[in-house]
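Single-structure report; data block below.
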Amino acid sequence: MTFVPLFAFGFLSPWLLLGGLAAASPIIIHLLNRRKYREMEWAAMRFLLEAVRKNARRIQVEQLLLLALRVLILLLFALALSRPYVETFGEIFQAKAEVHKILVMDASYSMGFQPQEAGTLFEQAREIARNIVKNSRQGDAFNLVQNSELNRAEIVNPAFKPADVLSEIEGLRLPDARGNLRGCLERVRKIVQSVKSPVPKEIYLLSDFQQATWSGETAEETEAIRVLLRELDAAGALILVDVGQSHASNRAVTEVSLLSPLVVVGEPARIRATVTNFSIEPGEATLELLVDEHVLEKRRVTLRSRDSAVETFSHQFAEGGEHRVELRISEDELKVDNHRHLTVSVRDRIRVLCINGRSSGSKLGKATDFLTLALAPETPSRNMDQPRPSAANSLFAPEVISAGELQGQDLTKFDCVVLCNVALVTPQDARMFETYLRSGGGMVWCMGDRVQPDVYNQILYRDGQGPLPAKLGDRAGDPANREQAFNFDAGDFQHPIVAPFEGNPDAGLQSAPTYAYLKSVLNSEKGAKLALRYDTGDAAIAEMPYGSGRSVLVTTSVDESWTSWPVWPSFLPMARELVLHAVSGGPGQRQQLVGSPLMQTYHTLAPAGDAAVSRPQVVDGKGQETEPASVALTEVDGARQFSYQDTDLSGIYAVALPPPIARTELFAVNVDPRESNLTKLESDELKADMFSGLEFDYQTQWQERTGTPGQSIPTVQRGILPQYCLYAALFLLLVEPLMAWNFRAGLWMLGAGVSAVYVTAIVWWSLRTHPAWLALALLPLVWVWGMLSSRARR
């Protein structure tokens with residue numbers, strides 16, 4: 001045992017100095033009270049002196065022992081007040097001192113794995129955490145940290161009341177998110193650094209030690225995790241409690257996607273699902289397609305070992321609007337990844353707003369006339385809700401307005417907006433178009449003789465930061481000279497806009513003449529792509545994603561001012577493909593992973609109330625469904641923005657938007673499939689990789705720690721020695737009056753107390769080592785008591 005009294009700034013504790021002076025007071029009093037005397041002969045004194053000589057040594061010894069006992073009492077009180085501590089009691093006699101325990105709970109969704117006839121791994125880890133707290137000693141401090149990519153409830157400041165910690169543990173719920181080991185360990189390090197007390201620390205890592213969580217995705221992340229673990233190892237004892245299952249099998253729906261870029265009522269929509277077998281053993285699974293919570297089709301899928309199977313479904317929606325699609329397989333031990341969701345916006349008609357930039361009194365003289373004729377014959381100019389019979393059967397429902405009527409338009413009513421030869425665009429118009437694109441709308445920019453390229457570049461391109469896919473340049477060609485023309489070059493027909501023309505030369509796409517166009521430079525840094533070029537190599541059609549929507553640029557006109565293309569057979573299908581591709585961009589933000597915020601922007605300046613968010617229909621422990629959450633719509637750049645952060649569960653989130661928007665939109669939130677691989681790291685793999693060179697205690701069943709094996713730093717234990725000092729001082733206070741009155745009786749009482757302590761220590765030590773040592777260790781005590789008894793009888 002190493003004994004270390006407290007020091008403060010290089011000098012002894014004031015309590016210890018005062019205690020030393022108090023301990024010296026009996027000796028000082030004795031010395032001060034000694035009196036000089038004069039010797040006188042007296043006959044009777046000879047008998048008294050003879051009696052004194054016979055008992056002088058015994059009386060002197062008794063007085064010295066009594067003086068030493070009184071000094072010891074004062075010293076023990078001084079030691080207790082100075083709070084000395086020991087660095088270690090060894091492995092035999094462990095001090096029951098306060099410990100700072102940091103509980104790190106793995107809250108990644110793989111902890112939802114539930115072996116047969118047992119609770120989930122998370123429930124097992126939570127029960128272990130309860131036992132750690134329940135078996136703690138008075139004065140122990142606790143922190144609780146969760147390994148999750150979400151911001152979960154944690155105990156950041158040390159808690160000293162076990163009841164409060166147990167209540168927090170009881171309230172833990174497993175989200176459907178992945179773990180974030182690096183972020184978790186950084187929070188643990190911050191807690192360790194914030195606690196300046198030298199109280200020993202124990203860091204409990206309760207996890208399934210899944211390879212996907214405990215192996216960094218990059219070399220930089222892996223090294224950062226190793227550094228954090230080394231720092232925590234230097235700060236305290238690492239205890240790894242492994243609740244994982246070796247060779248755990250799992251199957252999951254890892255991907256669901258909509259192959260049809262646009263879903264229309266009555267048209268087949270193709271849905272693709274990927275099912276992955278993460279197990280060593282091959283197997284089979286039943287894959288079900290559900291639309292609006294109704295099972296429409298079932299298939300038996302054969303899964304090879306550690307392989308994936310892809311199935312494609314086709315479904316025709318009978319009604320427009322928002323629809324829920326779910327692909328699920330038969331349940332296994334990990335339920336959360338057995339299904340995947342998709343939201344589908346089904347359109348009964350595609351509503352297109354055509355903005356005319358050139359007026360004309362002649363037939364087909366407007367910049368939008370050929371486009372609207374291609375989209376829907378006999379298109380009404382204003383009221384698209386009451387189209388003529390010939391237009392009612394068309395997939396497209398265009399509405400034509402002039403450029404001056406743009407202000408005040410609610411673009412959210414339209415699926416696509418087309419600008420045809422519009423001369424100027426104001427900054428206010430640009431903000432409106434950008435908001436519309438970010439919310440998932442489609443924009444088509446068609447050039448012409450009235451377009452001012454410099455204005456477009458300044459307001460819409462903005463050095464590559466605006467919604468225009470390319471920077472506009474000078475005009476190529478002369479529309480007045482019809483003898484010189486340019487032709488389209490579709491290349492390998494790989495782009496979706498021109499893909500339908502492959503193998504169809506009669507459409508005349510590459511034969512249609514163009515007499516003038518604007519040169520352009522694509523914004524490749526923002527993902528702009530070339531869909532169609534001229535035979536000169538310049539861009540004819542370019543497109544680029546912007547926000548959740550898509551922006552398409554046509555560098556020539558869609559009337560006869562710059563080209564004869566509108567009267568060629570290829571124009572009608574091309575006009576439709578342009579609009580279809582523009583509306584296929586969004587809404588991309590309505591398919592998210594767990595933990596990602598739900599966000600959408602709506603172009604409306606009118607005041608709006610709060611949106612009501614209905615979470616996935618999960619029943620809590622009380623058997624009640626959660627109430628919808630109220631979320632305010634905030635104003636951002638002249639628009640209303642919806643944002644919801646609490647996406648901790650997978651499923652469908654329904655957002656009821658307030659007036660003037662007044663509609664319900666669906667968001668699909670799914671789990672990250674990387675967490676579905678349950679391959680775990682065993683103890684030897686942990687020691688060879690993340691914990692290389694570190695000392696840690698590895699357990700599969702939690703056991704209370706009785707020592708600190710493998711610790712490279714001393715375990716400082718406070719509280720135990722001052723407590724024993726007080727016990728001894730109180731005992732000696734009882735012995736001292738008895739010894740002063742009857743020395744022999746007090747000595748017997750002192751011997752009995754010391755013997756009791758000795759026997760207790762010997763019994764404890766022998767039980768911790770070998771019981772056979774007990775008899776040998778008690779022999780000295782028997783011998784001493786025998787000697788004292790014999791002297792007492794004499």
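Residues are referred to by chain and number: the chain letter is A, B, ... according to the order shown in the structure tokens, the number counts from 1 in that chain, and ligands are numbered separately from 1 in the order shown.
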Find the spatial neighbours of range 732-738 of chain A, counting only C-alpha atoms, within a cut-off of 8 Å - ignore same-chain residues fewer than 5 positions away - and output them as JSON, numbers by chain.
-> {"A": [66, 69, 70, 73, 743, 745, 746, 747, 749, 750]}
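The protein and nucleic acid residues lying at most 6 Å from Pro398 in chain A are Arg351, Val352 and Leu353 of chain A, with only C-alpha atoms considered and sequence neighbours fewer than 2 positions away removed.
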Close residues, Gly440 in chain A itself excluded, 12 Å, only C-alpha atoms, min 4 positions apart in chain, as a count of residues only | 32
If you count only C-alpha atoms, which residues fall within 7 Å of Asn277 in chain A, apart from same-chain ones fewer than 4 positions away, as JSON, numbers by chain?
-> {"A": [250, 251, 252, 303, 304, 305, 306, 307, 308]}
How would the residues just picked look written out with N, CA and C atoms as a PDB file, in the first residue's frame?
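Here's the written file result-v7.pdb:
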```
ATOM      1  N   ASN A 250     -28.986 -12.063 -41.403  1.00  0.00           N
ATOM      2  CA  ASN A 250     -29.902 -10.950 -41.646  1.00  0.00           C
ATOM      3  C   ASN A 250     -30.158 -10.806 -43.133  1.00  0.00           C
ATOM      4  N   ARG A 251     -31.411 -10.502 -43.454  1.00  0.00           N
ATOM      5  CA  ARG A 251     -31.820 -10.153 -44.815  1.00  0.00           C
ATOM      6  C   ARG A 251     -32.503  -8.797 -44.758  1.00  0.00           C
ATOM      7  N   ALA A 252     -32.342  -8.007 -45.809  1.00  0.00           N
ATOM      8  CA  ALA A 252     -32.876  -6.644 -45.770  1.00  0.00           C
ATOM      9  C   ALA A 252     -33.258  -6.183 -47.161  1.00  0.00           C
ATOM     10  N   LEU A 303     -32.232 -16.165 -52.465  1.00  0.00           N
ATOM     11  CA  LEU A 303     -31.077 -15.347 -52.095  1.00  0.00           C
ATOM     12  C   LEU A 303     -29.861 -16.233 -51.891  1.00  0.00           C
ATOM     13  N   ARG A 304     -28.802 -15.930 -52.627  1.00  0.00           N
ATOM     14  CA  ARG A 304     -27.550 -16.651 -52.437  1.00  0.00           C
ATOM     15  C   ARG A 304     -26.762 -16.042 -51.276  1.00  0.00           C
ATOM     16  N   SER A 305     -25.721 -16.754 -50.867  1.00  0.00           N
ATOM     17  CA  SER A 305     -24.914 -16.312 -49.736  1.00  0.00           C
ATOM     18  C   SER A 305     -24.263 -14.959 -50.037  1.00  0.00           C
ATOM     19  N   ARG A 306     -24.509 -13.989 -49.134  1.00  0.00           N
ATOM     20  CA  ARG A 306     -23.930 -12.651 -49.234  1.00  0.00           C
ATOM     21  C   ARG A 306     -24.088 -12.065 -50.637  1.00  0.00           C
ATOM     22  N   ASP A 307     -25.326 -12.103 -51.141  1.00  0.00           N
ATOM     23  CA  ASP A 307     -25.612 -11.619 -52.486  1.00  0.00           C
ATOM     24  C   ASP A 307     -26.948 -10.890 -52.471  1.00  0.00           C
ATOM     25  N   SER A 308     -27.226 -10.192 -53.571  1.00  0.00           N
ATOM     26  CA  SER A 308     -28.454  -9.413 -53.701  1.00  0.00           C
ATOM     27  C   SER A 308     -29.290  -9.924 -54.861  1.00  0.00           C
TER      28      SER A 308
END
```
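Separating CA of Lys680 in chain A from CA of Ser110 in chain A is a distance of 10.6 Å.
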Compile the contact shell of Val613 in chain A as a list in words: residues with an atom at most 12 Å away, counting only C-alpha atoms, same-chain residues fewer than 4 positions apart removed.
-> Leu598, Gln617, Thr626, Glu627, Pro628, Ala629, Ser630, Val631, Ala632, Leu633, Phe642, Ser643, Tyr644, Gln645, Asp646, Thr647, Ile652, Tyr653, Ala654, Val655, Ala656, Leu657, Pro658, Thr664, Glu665, Leu666 and Phe667 of chain A
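Inside range 553-682 of chain A, the residues DSSP reads as alpha helix (DSSP H) when given the backbone are Phe571, Leu572, Pro573, Met574, Ala575, Arg576, Glu577, Leu578, Val579, Leu580, His581, Ala582 and Val583 of chain A.
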Write out, as a PDB file, in the first residue's frame, the residues just selected, with C-alpha atoms.
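The new file selection_20.pdb reads:
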```pdb
ATOM      1  CA  PHE A 571     -40.777  18.867 -82.821  1.00  0.00           C
ATOM      2  CA  LEU A 572     -43.959  17.457 -81.309  1.00  0.00           C
ATOM      3  CA  PRO A 573     -42.289  14.508 -79.495  1.00  0.00           C
ATOM      4  CA  MET A 574     -39.278  16.672 -78.630  1.00  0.00           C
ATOM      5  CA  ALA A 575     -41.484  19.336 -76.982  1.00  0.00           C
ATOM      6  CA  ARG A 576     -43.071  16.661 -74.846  1.00  0.00           C
ATOM      7  CA  GLU A 577     -39.733  15.070 -73.949  1.00  0.00           C
ATOM      8  CA  LEU A 578     -38.395  18.458 -72.879  1.00  0.00           C
ATOM      9  CA  VAL A 579     -41.277  18.970 -70.467  1.00  0.00           C
ATOM     10  CA  LEU A 580     -41.220  15.366 -69.222  1.00  0.00           C
ATOM     11  CA  HIS A 581     -37.515  15.568 -68.487  1.00  0.00           C
ATOM     12  CA  ALA A 582     -37.893  18.930 -66.754  1.00  0.00           C
ATOM     13  CA  VAL A 583     -40.568  17.606 -64.408  1.00  0.00           C
TER      14      VAL A 583
END
```
Please provide as a short mmCIF file (atom, residue, chain, number, x, y, z; two decimals) with C-alpha atoms, in the first residue's frame all residues within 9 Å of Arg475 in chain A, with the sequence filter that same-chain residues fewer than 5 positions apart are discarded (counting only C-alpha atoms).
```cif
data_model
loop_
_atom_site.label_atom_id
_atom_site.label_comp_id
_atom_site.auth_asym_id
_atom_site.auth_seq_id
_atom_site.Cartn_x
_atom_site.Cartn_y
_atom_site.Cartn_z
CA ALA A 516 -29.63 30.94 -85.61
CA TYR A 517 -28.86 30.04 -82.01
CA LEU A 518 -26.96 31.41 -79.02
CA LYS A 519 -23.57 29.94 -78.29
#
```
Could you state the separation of CA of Thr302 in chain A and CA of Val253 in chain A in Å, given to one decimal place?
-> 13.4 Å
May I have the residues within 12 Å of Tyr461 in chain A as an MDAnalysis selection string, using only C-alpha atoms and disregarding those fewer than 3 positions away in the same chain?
-> chainID A and resid 425 427 430 434 445 453:458 464:473 520:523 526 551 553
Just N, CA and C atoms for this one: save the residues we selected as an mmCIF file, in the first residue's frame.
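Result saved to again_9.cif:
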```cif
data_model
loop_
_atom_site.group_PDB
_atom_site.id
_atom_site.type_symbol
_atom_site.label_atom_id
_atom_site.label_comp_id
_atom_site.auth_asym_id
_atom_site.auth_seq_id
_atom_site.Cartn_x
_atom_site.Cartn_y
_atom_site.Cartn_z
ATOM 1 N N VAL A 425 -35.485 39.344 -67.583
ATOM 2 C CA VAL A 425 -35.870 38.669 -66.344
ATOM 3 C C VAL A 425 -35.369 39.531 -65.200
ATOM 4 N N PRO A 427 -34.545 40.539 -61.137
ATOM 5 C CA PRO A 427 -34.063 39.782 -59.973
ATOM 6 C C PRO A 427 -35.191 39.160 -59.168
ATOM 7 N N ALA A 430 -36.148 36.079 -60.948
ATOM 8 C CA ALA A 430 -35.130 35.049 -60.760
ATOM 9 C C ALA A 430 -35.281 34.356 -59.406
ATOM 10 N N GLU A 434 -35.963 30.389 -58.889
ATOM 11 C CA GLU A 434 -35.048 29.558 -58.098
ATOM 12 C C GLU A 434 -35.779 28.835 -56.970
ATOM 13 N N TRP A 445 -35.886 27.007 -70.580
ATOM 14 C CA TRP A 445 -35.544 28.340 -71.070
ATOM 15 C C TRP A 445 -35.337 28.245 -72.584
ATOM 16 N N PRO A 453 -28.810 38.259 -73.887
ATOM 17 C CA PRO A 453 -27.906 37.313 -73.202
ATOM 18 C C PRO A 453 -27.207 37.916 -71.973
ATOM 19 N N ASP A 454 -26.806 39.177 -72.080
ATOM 20 C CA ASP A 454 -26.102 39.782 -70.941
ATOM 21 C C ASP A 454 -26.980 39.826 -69.696
ATOM 22 N N VAL A 455 -28.260 40.123 -69.876
ATOM 23 C CA VAL A 455 -29.180 40.164 -68.735
ATOM 24 C C VAL A 455 -29.361 38.765 -68.157
ATOM 25 N N TYR A 456 -29.519 37.780 -69.012
ATOM 26 C CA TYR A 456 -29.673 36.394 -68.548
ATOM 27 C C TYR A 456 -28.428 35.943 -67.776
ATOM 28 N N ASN A 457 -27.273 36.271 -68.309
ATOM 29 C CA ASN A 457 -26.029 35.873 -67.629
ATOM 30 C C ASN A 457 -25.894 36.545 -66.262
ATOM 31 N N GLN A 458 -26.283 37.818 -66.199
ATOM 32 C CA GLN A 458 -26.123 38.562 -64.958
ATOM 33 C C GLN A 458 -27.111 38.120 -63.894
ATOM 34 N N GLY A 464 -22.195 30.994 -62.646
ATOM 35 C CA GLY A 464 -22.346 29.576 -62.331
ATOM 36 C C GLY A 464 -23.143 29.273 -61.097
ATOM 37 N N GLN A 465 -23.654 30.288 -60.375
ATOM 38 C CA GLN A 465 -24.397 30.053 -59.142
ATOM 39 C C GLN A 465 -25.910 30.115 -59.341
ATOM 40 N N GLY A 466 -26.355 30.497 -60.536
ATOM 41 C CA GLY A 466 -27.781 30.620 -60.789
ATOM 42 C C GLY A 466 -28.365 29.370 -61.428
ATOM 43 N N PRO A 467 -29.650 29.402 -61.780
ATOM 44 C CA PRO A 467 -30.344 28.227 -62.310
ATOM 45 C C PRO A 467 -30.121 27.964 -63.795
ATOM 46 N N LEU A 468 -29.485 28.882 -64.529
ATOM 47 C CA LEU A 468 -29.283 28.670 -65.966
ATOM 48 C C LEU A 468 -28.162 27.645 -66.180
ATOM 49 N N PRO A 469 -28.379 26.604 -66.995
ATOM 50 C CA PRO A 469 -27.374 25.541 -67.147
ATOM 51 C C PRO A 469 -26.094 25.977 -67.859
ATOM 52 N N ALA A 470 -26.101 27.102 -68.577
ATOM 53 C CA ALA A 470 -24.917 27.504 -69.338
ATOM 54 C C ALA A 470 -24.861 29.024 -69.439
ATOM 55 N N LYS A 471 -23.658 29.511 -69.642
ATOM 56 C CA LYS A 471 -23.464 30.939 -69.865
ATOM 57 C C LYS A 471 -23.688 31.234 -71.345
ATOM 58 N N LEU A 472 -24.541 32.213 -71.628
ATOM 59 C CA LEU A 472 -24.898 32.528 -73.006
ATOM 60 C C LEU A 472 -23.831 33.395 -73.654
ATOM 61 N N GLY A 473 -23.637 33.165 -74.970
ATOM 62 C CA GLY A 473 -22.656 33.933 -75.731
ATOM 63 C C GLY A 473 -23.301 34.641 -76.907
ATOM 64 N N SER A 520 -23.042 28.897 -76.175
ATOM 65 C CA SER A 520 -23.099 28.786 -74.713
ATOM 66 C C SER A 520 -21.927 27.949 -74.199
ATOM 67 N N VAL A 521 -21.626 28.137 -72.930
ATOM 68 C CA VAL A 521 -20.592 27.363 -72.226
ATOM 69 C C VAL A 521 -21.262 26.694 -71.030
ATOM 70 N N LEU A 522 -21.267 25.357 -71.007
ATOM 71 C CA LEU A 522 -21.976 24.616 -69.975
ATOM 72 C C LEU A 522 -21.353 24.808 -68.590
ATOM 73 N N ASN A 523 -22.204 24.842 -67.603
ATOM 74 C CA ASN A 523 -21.775 24.936 -66.199
ATOM 75 C C ASN A 523 -21.536 23.510 -65.669
ATOM 76 N N LYS A 526 -21.587 22.453 -61.871
ATOM 77 C CA LYS A 526 -22.870 22.245 -61.200
ATOM 78 C C LYS A 526 -23.641 21.075 -61.795
ATOM 79 N N SER A 551 -33.443 22.126 -64.595
ATOM 80 C CA SER A 551 -33.446 23.282 -65.491
ATOM 81 C C SER A 551 -32.942 22.846 -66.860
ATOM 82 N N LEU A 553 -32.166 24.134 -70.953
ATOM 83 C CA LEU A 553 -31.895 25.277 -71.834
ATOM 84 C C LEU A 553 -31.981 24.839 -73.286
#
```
